Structure formats: C-alpha cells, structure tokens
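Visitor: My questions all concern the structure below.
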Amino acid sequence: MEIPESHPRYRSLLLREMVARGVEAGITGQIGLIAHGRGETFDYLLGERTIPSARQAEAVGVAALLLADHPVISVNGNTAALVADDVITLSDTLGAGIEVNIFYHSEERREQIIRYLEKRGATELYVMSDAQIPGLTHNRGIVDSHGIYAADTVLVPLEDGDRCSALKKMGKTVVAIDLNPLSRTARTADVTIVDNIVRAVPNMISIVDELGDMTELELQRMVEDYDNRRALRDAVEEIAAYLQESF
Ligand code: PTJ
C-alpha cells in the first residue's frame with residue numbers, strides 16, 4: 001500500500017510495510033510480523049528515539065566488535081527486510097562477516113536472504129550449514145563452522161533468548177539489538193542495545209568512524225567499564241518517565 005508521507009505515523013507505517021514486503025518476498029517469516037509488532041510497542045514506549053544509554057551501548061558494542069578477532073553479524077528475516085543495506089555497510093566498515101541465521105528454520109528462506117544480500121553487495125557472507133551450536137536441538141542451532149560457530153564476538157539483532165544464552169555458553173561476546181529491555185536476550189547478552197534496529201545500525205556505522213582514533217586500550221576500557229544491567233534499568237526508567245510525562 002502507498003503510505004502518504006503526510007501521515008503523522010508515516011515512519012512507523014513504512015517500517016510495517018517493509019516487514020510485510022519482506023514476507024511477500026520470502027525473506028521474512030510470518031512470525032516476523034508479530035515480532036515486529038512487539039518491537040514497535042517498546043519503541044513507542046521509549047518515544048521512538050535513541051535513548052542516551054542505548055547510544056552508549058551502541059558505542060560499546062562497536063568497540064567490542066572492533067576489538068574482536070573474528071566478528072560476525074547474524075542476519076534474520078526481520079533484519080534483512082528492515083536494514084539489509086546498513087548491515088552490509090556496517091560489516092564492511094567493521095571488517096565483520098555476515099551469516100544468515102534464522103530462528104524459524106527454512107532452507108528456502110535462508111537461501112532467499114543470502115541471495116537478497118548478495119544482490120545488494122554483501123561479499124563477506126558465511127553460507128554453510130555445517131556446524132551445530134551445543135545445547136540447541138534441531139535446526140535452531142545450525143550455523144557455519146567458519147562463521148558464527150568460530151566467531152569470538154557476534155552481533156545478534158532481534159535474537160531468541162535461548163540461542164543468545166547458547167552463544168554465551170560457547171564463550172562468545174554477544175552484542176544484541178532488542179527493543180525489549182526485559183527480554184531474556186536483553187538480560188543475557190554482554191551488551192544490549194535497546195533501540196530500534198533501523199536507528200541502531202546506522203548509529204553504529206557512524207560510531208565506527210568516531211572511535212577510529214581510539215587505541216586498543218581505550219576501546220578495552222570502554223568495554224570493561226560498561227554495565228549492561230544498568231543500561232537495561234535505565235531503559236525501563238526511560239519508559240516509566242515517558243509514560244508519566246504523557247499526561
Ligand atoms: O527470521 P527468523 O526466523 O530468524 O525470525 C526472526 C524473529 C524476530 C521472528 C525471531 O527471532 C523471533 O521470534 O524473535 P523474538 O523472540 O520475538 O524476539 C524478537 C525481539 O526483537 C523482541 O524482544 C522484540 O521486541 C525485538 N524487536 C522487534 N522488532 C525490533 C526489535 N528490536 C529492535 N528493532 C526492531 N525493529
């Protein structure tokens with residue numbers, strides 16, 4: 001549907017449309033529509049803006065990815081529908097690989113997303129399905145042995161809590177993007193960016209530039225000084241304050 005730019009909720013409606021088109025194109029799963037709705041709710045409650053603690057988490061997440069020996073960005077159906085081009089740019093600027101890793105397993109959809117990313121210029125793609133994340137049964141744990149399996153730091157946008165904790169158990173540093181500060185993923189990850197992926201990824205691209213002059217020691221200090229629980233608490237307080245200020 002054509003959305004009039006004059007509509008007060010234009011941006012939000014456009015994002016819905018992008019996810020719906022992702023489903024039509026076979027890259028986003030139907031459940032992705034529900035997940036998007038949940039994210040939309042939290043975004044609404046946060047005032048649809050990048051709160052200061054999320055901006056800090058974005059910087060710390062970038063620092064962790066810059067410090068990594070083998071960083072990988074995980075891409076699912078919603079991520080591909082909303083920020084495919086930005087994810088490719090982030091992967092290029094960080095020197096990180098990309099792996100399509102979907103929760104609702106379908107080989108056809110996985111391949112469709114890979115083709116979609118390749119068409120848009122992605123080159124550092126891990127495409128094999130030859131390893132299994134320990135502790136995850138069936139298809140939920142299938143990954144590329146040279147990609148997520150071997151990565152020391154993984155960026156997981158809109159991740160399932162179970163898989164996030166399995167990655168942590170493998171000893172990886174996990175940077176999550178999740179608008180729900182109460183989710184299991186948010187509580188399990190090392191760095192949780194409580195921001196909409198459509199703002200978080202572009203922010204992270206500019207942060208790579210901003211951190212360009214920092215030494216490895218300074219980046220390490222940023223990561224060490226970061227307190228994820230405090231950032232999550234801050235997000236909840238921002239929601240409470242936003243609700244109170246609304247009337
Ligand atoms: O393509 P697949 O099969 O890998 O499936 C992807 C989804 C997202 C459907 C799947 O991973 C899933 O069901 O995820 P969950 O468990 O619903 O978790 C998604 C989390 O992402 C929720 O906490 C949402 O609030 C959050 N979320 C949704 N949209 C956004 C978001 N966070 C940031 N930006 C968004 N746009």
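Chain labels run A, B, ... following the order of the structure tokens; each chain numbers its residues from 1, and ligands are numbered from 1 in the order shown.
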Which protein, DNA or RNA residues have an atom within 6 Å of ligand 1, counting only C-alpha atoms and all ligand atoms, as a list in words?
Guide: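 So, counting only C-alpha atoms and all ligand atoms, the residues near ligand 1 are Thr28, Gly29, Ile31, Gly32, Ala35, His36, Arg38, Gly39, Asn76, Gly77, Asn78, Ile102, Phe103, Tyr104, Leu158, Glu159, Asp160, Ile177, Asp178, Leu179, Asn180, Ser183, Asp195, Asn196 and Ile197 of chain A.
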Visitor: Write down as a PyMOL selection string the residues of region 39-108 of chain A whose backbone DSSP state falls under strand (DSSP E or B).
Guide: chain A and resi 71-75+97-100
Visitor: Tell me which protein, DNA and RNA residues are within 6 Å of Ser145 (chain A), counting only C-alpha atoms, leaving out same-chain ones fewer than 3 positions away, and put them as a ChimeraX atom specification.
Guide: /A:130-131,149
Visitor: Once DSSP has gone over the backbone, tell me which residues of region 15-230 of chain A are in alpha helix (DSSP H), as an MDAnalysis selection string.
Guide: chainID A and resid 15:24 31:45 52:67 77:94 107:119 161:169 184:188 197:210 216:225 228:230
Visitor: Rounded to one decimal place, report the CA of Thr89 (chain A)-CA of Leu117 (chain A) distance in Å.
Guide: 11.3 Å
Visitor: For Lys172 (chain A), find every residue with an atom within 12 Å (counting only C-alpha atoms), except residues of its own chain fewer than 6 positions away, and show them as a PyMOL selection string.
Guide: chain A and resi 64-65+68-72+133+148-156+163-166+188-191
Visitor: Please determine, counting only C-alpha atoms, which residue among A:Val198, A:Ile73, A:Val127, A:Val87 has the shortest atom-to-atom distance to Met18 (chain A).
Guide: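 Smallest separation from Met18 (chain A) among the options: A:Val198.
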Visitor: Restricting the calculation to only C-alpha atoms, which member of A:Lys168, A:Glu48, A:Pro202, A:Leu82 is positioned closest to Glu17 (chain A)?
Guide: A:Leu82
Visitor: Nearest to Ser129 (chain A): which of A:Thr41, A:Thr79, A:Asn101, A:Gln112 is it, counting only C-alpha atoms?
Guide: A:Asn101
Visitor: Skipping near chain neighbours, those fewer than 5 positions away, what residues fall within 12 Å of Thr50 (chain A) using only C-alpha atoms, listed as a list in words?
Guide: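 Within the cut-off, the hits are Asp43, Tyr44, Leu45, Arg55, Gln56, Ala57, Glu58, Leu179, Ile193, Val194, Asp195, Asn196, Ile197, Val198, Arg199, Ala200, Val201, Pro202, Asn203, Met204, Ala235 and Glu238 of chain A.
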Visitor: Using only C-alpha atoms, tabulate the residues of region 9-71 of chain A lying at most 8 Å from any atom of region 208-216 of chain A, each with its closest atom pair and that distance in Å to one decimal, by chain and increasing residue number, as a tab-separated table.
Guide:
residue	atom	partner	partner_atom	distance
A:Val62	CA	A:Val208	CA	6.4
A:Ala63	CA	A:Leu211	CA	7.7
A:Leu67	CA	A:Glu216	CA	7.0
Visitor: Need to verify the contact set: Ala20 (chain A), 9 Å, only C-alpha atoms, exclusion of same-chain residues closer than 4 positions in sequence. Can you return it as JSON, numbers by chain?
Guide: {"A": [15, 16, 24, 25, 28, 30, 32, 33, 81]}
Visitor: Please determine, counting only C-alpha atoms, which residue among A:Gly147, A:Lys119, A:Asn139, A:Ile34 has the shortest atom-to-atom distance to Val75 (chain A).
Guide: A:Gly147
Visitor: Mind giving me the straight-line distance from CA of Arg229 (chain A) to CA of Ala176 (chain A) in Å, one decimal?
Guide: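 Interatomic distance here is 13.3 Å.
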